[in-house]
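Have a look at model.txt; it's compact mmCIF, C-alpha atoms:
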```txt
# COMPACT_ATOMS: atom_id res chain seq x y z
CA MET A 38 36.76 9.35 13.48
CA LYS A 39 40.40 8.36 13.11
CA LYS A 40 40.31 5.20 11.00
CA GLY A 41 38.05 2.80 9.15
CA ILE A 42 38.07 -0.25 6.90
CA ILE A 43 35.70 -2.37 4.79
CA GLY A 44 35.31 -6.07 5.49
CA LYS A 45 33.35 -9.21 4.68
CA LYS A 46 31.64 -11.23 7.40
CA ILE A 47 32.96 -14.81 7.41
CA GLY A 48 30.94 -16.27 10.29
CA MET A 49 30.96 -16.89 14.02
CA THR A 50 33.08 -19.14 16.21
CA GLN A 51 34.52 -19.14 19.71
CA ILE A 52 38.00 -18.71 21.13
CA PHE A 53 39.52 -19.05 24.58
CA ASP A 54 41.30 -16.31 26.52
CA GLU A 55 44.35 -16.68 28.79
CA VAL A 56 42.34 -18.03 31.74
CA GLY A 57 40.22 -20.42 29.68
CA ASN A 58 37.02 -18.39 29.33
CA VAL A 59 35.02 -18.96 26.14
CA ILE A 60 34.52 -15.84 24.02
CA PRO A 61 32.01 -15.89 21.13
CA VAL A 62 33.50 -13.97 18.23
CA THR A 63 32.60 -12.93 14.69
CA ILE A 64 35.35 -13.39 12.10
CA ILE A 65 35.62 -10.63 9.50
CA GLU A 66 37.93 -10.48 6.52
CA ALA A 67 38.94 -6.82 6.73
CA GLY A 68 40.82 -5.36 3.79
CA PRO A 69 43.15 -4.80 2.20
CA CYS A 70 41.43 -1.62 1.01
CA CYS A 71 42.78 0.93 -1.47
CA VAL A 72 42.27 4.66 -1.07
CA THR A 73 40.40 5.62 -4.23
CA GLN A 74 39.64 9.25 -3.37
CA LYS A 75 40.66 11.86 -0.81
CA LYS A 76 38.58 14.83 0.25
CA THR A 77 39.83 17.85 2.20
CA LYS A 78 38.27 20.88 3.85
CA GLU A 79 39.82 23.17 1.25
CA THR A 80 38.22 21.46 -1.74
CA ASP A 81 35.17 19.64 -0.34
CA GLY A 82 34.45 21.23 3.04
CA TYR A 83 35.35 18.18 5.11
CA ASP A 84 38.10 15.60 5.52
CA ALA A 85 37.34 12.09 4.26
CA VAL A 86 38.77 9.19 2.33
CA GLN A 87 37.00 6.77 0.00
CA LEU A 88 38.10 3.16 0.31
CA GLY A 89 37.65 0.38 -2.24
CA PHE A 90 37.36 -3.31 -1.33
CA MET A 91 37.51 -6.49 -3.43
CA ASP A 92 38.80 -6.42 -7.00
CA LEU A 93 36.30 -6.27 -9.84
CA LYS A 94 36.72 -7.10 -13.51
CA GLU A 95 36.96 -4.01 -15.70
CA LYS A 96 34.13 -5.23 -17.94
CA HIS A 97 31.75 -5.08 -14.99
CA THR A 98 32.22 -1.33 -14.47
CA ASN A 99 30.70 1.54 -16.43
CA LYS A 100 32.66 4.36 -18.02
CA PRO A 101 32.29 6.89 -15.16
CA MET A 102 33.52 4.37 -12.59
CA SER A 103 36.34 3.21 -14.86
CA GLY A 104 37.49 6.80 -15.15
CA HIS A 105 37.23 7.23 -11.39
CA PHE A 106 39.50 4.25 -10.75
CA ALA A 107 41.88 5.24 -13.54
CA LYS A 108 42.28 8.71 -12.04
CA ALA A 109 43.17 7.13 -8.69
CA GLY A 110 45.58 4.72 -10.37
CA VAL A 111 44.02 1.62 -8.78
CA SER A 112 42.21 -1.41 -10.13
CA ALA A 113 38.42 -1.50 -10.19
CA LYS A 114 36.81 -2.25 -6.83
CA LYS A 115 33.49 -3.89 -6.09
CA HIS A 116 32.63 -1.99 -2.89
CA LEU A 117 33.25 1.67 -2.11
CA LYS A 118 32.75 3.46 1.20
CA GLU A 119 33.60 6.95 2.36
CA PHE A 120 34.94 7.44 5.88
CA ARG A 121 35.07 10.90 7.41
CA LEU A 122 38.32 11.46 9.29
CA ASP A 123 39.47 14.05 11.78
CA ASP A 124 42.68 14.46 9.79
CA CYS A 125 43.52 12.70 6.53
CA SER A 126 46.79 14.48 5.80
CA ALA A 127 48.75 11.26 6.35
CA VAL A 128 46.64 9.32 3.79
CA ASN A 129 47.09 9.61 0.05
CA VAL A 130 45.27 8.20 -2.98
CA GLY A 131 46.59 4.75 -3.80
CA ASP A 132 47.57 3.86 -0.23
CA VAL A 133 46.56 0.43 1.05
CA ILE A 134 44.71 0.14 4.37
CA THR A 135 45.19 -3.23 6.09
CA VAL A 136 43.73 -4.90 9.15
CA ASP A 137 46.74 -3.99 11.30
CA THR A 138 45.26 -0.50 11.46
CA PHE A 139 43.32 -1.88 14.42
CA ALA A 140 44.73 -3.60 17.49
CA ALA A 141 43.44 -6.22 19.90
CA GLY A 142 41.66 -4.73 22.90
CA GLU A 143 40.30 -1.56 21.32
CA LYS A 144 36.63 -0.75 20.72
CA VAL A 145 35.05 -0.38 17.28
CA ASP A 146 31.67 0.42 15.71
CA ILE A 147 30.44 -1.90 12.95
CA THR A 148 27.75 -1.13 10.36
CA GLY A 149 26.03 -3.76 8.24
CA ILE A 150 22.79 -4.73 6.52
CA THR A 151 20.67 -7.08 8.65
CA LYS A 152 19.18 -10.31 7.34
CA GLY A 153 15.95 -9.74 5.42
CA ARG A 154 13.04 -11.68 6.91
CA GLY A 155 10.33 -10.49 4.57
CA TYR A 156 6.77 -9.71 5.66
CA THR A 157 6.42 -10.87 9.28
CA GLY A 158 3.79 -10.66 11.98
CA ALA A 159 3.82 -8.24 14.89
CA ILE A 160 5.02 -10.88 17.38
CA LYS A 161 8.16 -11.73 15.43
CA ARG A 162 8.75 -8.17 14.26
CA TRP A 163 8.19 -6.30 17.54
CA ASN A 164 8.38 -9.11 20.13
CA LEU A 165 4.79 -8.51 21.27
CA ALA A 166 3.13 -10.90 23.71
CA LYS A 167 0.97 -13.70 22.33
CA LEU A 168 -2.73 -14.03 23.17
CA ARG A 169 -3.82 -16.49 25.84
CA MET A 170 -3.42 -20.08 24.73
CA THR A 171 -6.51 -21.26 26.68
CA HIS A 172 -9.92 -22.17 25.26
CA GLY A 173 -12.14 -19.30 24.27
CA VAL A 174 -9.33 -17.25 22.72
CA GLY A 175 -8.58 -17.86 19.10
CA PRO A 176 -8.52 -19.38 16.61
CA VAL A 177 -5.34 -17.31 16.06
CA HIS A 178 -2.98 -16.79 18.98
CA ARG A 179 0.06 -15.23 17.34
CA GLN A 180 -1.49 -11.84 16.71
CA SER A 181 -1.53 -8.52 18.51
CA GLY A 182 -4.40 -7.55 20.77
CA SER A 183 -6.49 -4.37 20.66
CA MET A 184 -5.40 -1.92 18.00
CA GLY A 185 -7.00 1.25 19.30
CA VAL A 186 -9.48 2.84 21.67
CA ILE A 187 -13.19 3.64 21.54
CA ASP A 188 -12.70 7.39 21.20
CA PRO A 189 -11.27 8.25 18.74
CA ALA A 190 -12.30 5.12 16.87
CA ARG A 191 -9.16 4.79 14.80
CA ILE A 192 -5.65 3.40 14.93
CA PHE A 193 -2.98 5.94 15.79
CA LYS A 194 0.07 6.46 13.63
CA ASN A 195 3.27 4.51 14.43
CA LYS A 196 1.30 1.58 15.85
CA LYS A 197 3.51 -1.51 15.92
CA MET A 198 2.00 -3.85 13.35
CA ALA A 199 3.01 -6.51 10.84
CA GLY A 200 5.23 -5.54 7.93
CA GLN A 201 8.70 -5.70 6.40
CA TYR A 202 11.29 -6.92 8.91
CA GLY A 203 15.07 -6.78 8.44
CA ASN A 204 17.14 -5.75 5.42
CA GLU A 205 18.05 -2.42 6.99
CA GLN A 206 21.30 -0.73 7.93
CA VAL A 207 22.23 -1.20 11.58
CA THR A 208 25.26 0.00 13.54
CA VAL A 209 26.44 -1.78 16.69
CA LEU A 210 28.57 0.34 19.02
CA ASN A 211 31.51 -0.46 21.30
CA LEU A 212 32.39 -3.94 20.08
CA LYS A 213 35.72 -5.25 21.32
CA VAL A 214 38.50 -6.42 19.02
CA VAL A 215 39.67 -9.76 20.43
CA LYS A 216 42.30 -10.85 17.93
CA ILE A 217 44.03 -9.71 14.74
CA ASP A 218 45.50 -11.99 12.06
CA THR A 219 47.57 -9.82 9.73
CA GLU A 220 48.64 -12.71 7.48
CA LYS A 221 45.07 -13.69 6.55
CA ASN A 222 43.55 -10.17 6.96
CA LEU A 223 41.18 -11.42 9.65
CA ILE A 224 39.78 -9.62 12.66
CA ALA A 225 37.88 -11.31 15.50
CA ILE A 226 35.12 -9.18 17.08
CA LYS A 227 33.51 -10.14 20.37
CA GLY A 228 29.78 -10.81 19.97
CA ALA A 229 27.46 -10.64 17.00
CA VAL A 230 27.74 -8.37 13.97
CA PRO A 231 24.81 -7.29 11.74
CA GLY A 232 24.35 -9.12 8.47
CA ALA A 233 24.44 -12.56 6.94
CA LYS A 234 27.45 -14.65 6.00
CA ASP A 235 29.55 -12.99 3.25
CA GLY A 236 27.82 -9.68 3.97
CA ILE A 237 29.79 -6.44 3.67
CA VAL A 238 30.44 -4.52 6.90
CA PHE A 239 32.13 -1.22 7.69
CA ILE A 240 34.45 -1.04 10.70
CA ARG A 241 35.52 2.21 12.31
CA ASP A 242 36.93 3.25 15.66
CA SER A 243 34.30 3.75 18.34
CA VAL A 244 32.78 7.21 18.74
CA LYS A 245 31.66 6.60 22.33
CA ALA A 246 34.50 4.53 23.77
```

Would you mind writing the structure in this file as structure tokens?
Amino acid sequence: MKKGIIGKKIGMTQIFDEVGNVIPVTIIEAGPCCVTQKKTKETDGYDAVQLGFMDLKEKHTNKPMSGHFAKAGVSAKKHLKEFRLDDCSAVNVGDVITVDTFAAGEKVDITGITKGRGYTGAIKRWNLAKLRMTHGVGPVHRQSGSMGVIDPARIFKNKKMAGQYGNEQVTVLNLKVVKIDTEKNLIAIKGAVPGAKDGIVFIRDSVKA
């Protein structure tokens, strides 16, 4: 990985390209992020930088975190994320990473926490087919069919059933950067991005582009 940044999902809209095609985009407020820690192969075994996003009041931090920010010489940050880099020699503690690190047209990977949907049925959770809606089948139609076989008379492990749905970390690969607004720290990503409005996302250059 060569670069990364922390952002906040603003919402979705649509923009038009040069020939008038409609492009659905997700708007993300990316940065500015401060480098709060730097790790190298000599001291930690790998190259990485820790970025901090969104200022936080000092009274809302504990003593260990206050000391961590004081050592870096930056104000307290609400969100921290470590990005492993191929080479972090050009980055130093206290540097500010802005949205112009990325450019329109390149591919990125975005990680976020999906919307939590609570305890849901198997049809909503796994997109299973409903039972027949005709007479003789029921009274419940939105349920899964047979759960097992006659021999052995049990349900196998990993059977797709009802349960907790959402509220998990998901990474979407190879999303295209459509537009960059350096004045407002905004980045427009083509398509959908995991998470709800105002959710925190992590943007990095694509690993499979």

### Query
segment 91-108 of chain A: which residues within 12 Å, counting only C-alpha atoms, same-chain residues fewer than 5 positions away excluded, as JSON, numbers by chain?
{"A": [43, 44, 45, 66, 67, 68, 69, 70, 71, 72, 73, 74, 75, 113, 114, 115, 116, 117, 118, 130, 131, 237]}

Please work out which residues fall within 6 Å of (35.8, -9.3, 15.8), coordinates as given in the file, with only C-alpha atoms counting, and return them as a compact mmCIF listing (two decimals) with C-alpha atoms, in the coordinates of the input.
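Full text of selection.txt as output:
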```
# COMPACT_ATOMS: atom_id res chain seq x y z
CA VAL A 62 33.50 -13.97 18.23
CA THR A 63 32.60 -12.93 14.69
CA ILE A 64 35.35 -13.39 12.10
CA VAL A 214 38.50 -6.42 19.02
CA ILE A 224 39.78 -9.62 12.66
CA ALA A 225 37.88 -11.31 15.50
CA ILE A 226 35.12 -9.18 17.08
CA LYS A 227 33.51 -10.14 20.37
```

### Who sits within 7 Å of segment 195-197 of chain A, only C-alpha atoms, same chain under 2 positions skipped, as a list in words
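Result of the neighbour search: Ala159, Trp163 and Phe193 of chain A.
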
### Task
Name all residues at most 10 Å from Thr151 of chain A (count all atoms listed in the file; drop same-chain ones fewer than 6 positions away) and give them as JSON, numbers by chain.
{"A": [202, 203, 204, 205, 206, 207, 208, 230, 231, 232, 233, 236]}

### Query
Looking at all atoms listed in the file, which of A:Ser183, A:Asn129, A:Arg121, A:Met170 is the one that sits closest to Asp81 of chain A?
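Using all atoms listed in the file, Asp81 of chain A sits closest to A:Arg121.
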
### Query
Restricting the calculation to only C-alpha atoms, which member of A:Thr135, A:Gln87, A:Gln201, A:Asn58 is positioned closest to Lys221 of chain A?
A:Thr135

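The interatomic distance for the pair atom CA of Val209 of chain A and atom CA of Gly149 of chain A works out to 8.7 Å.
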
### Query
Rounded to one decimal in Å, what is the spacing between atom CA of Tyr83 of chain A and atom CA of Lys144 of chain A?
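Between atom CA of Tyr83 of chain A and atom CA of Lys144 of chain A the gap works out to 24.6 Å.
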
### Message
To one decimal place in Å, what is the distance between atom CA of Lys46 of chain A and atom CA of Gly153 of chain A?
### Response
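Atom-to-atom, atom CA of Lys46 of chain A to atom CA of Gly153 of chain A, that is 15.9 Å.
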
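Each of A:Ile42, A:Leu165, A:Ser112, A:Glu55 was compared to Asn222 of chain A using all atoms listed in the file, and A:Ile42 turns out to be the nearest.
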
### Task
Could you tell me which of A:Leu88, A:Ala166, A:Ile147, A:Met49 comes closest to Asp132 of chain A if we count all atoms listed in the file?
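Going through A:Leu88, A:Ala166, A:Ile147, A:Met49 one by one, the smallest distance to Asp132 of chain A is for A:Leu88.
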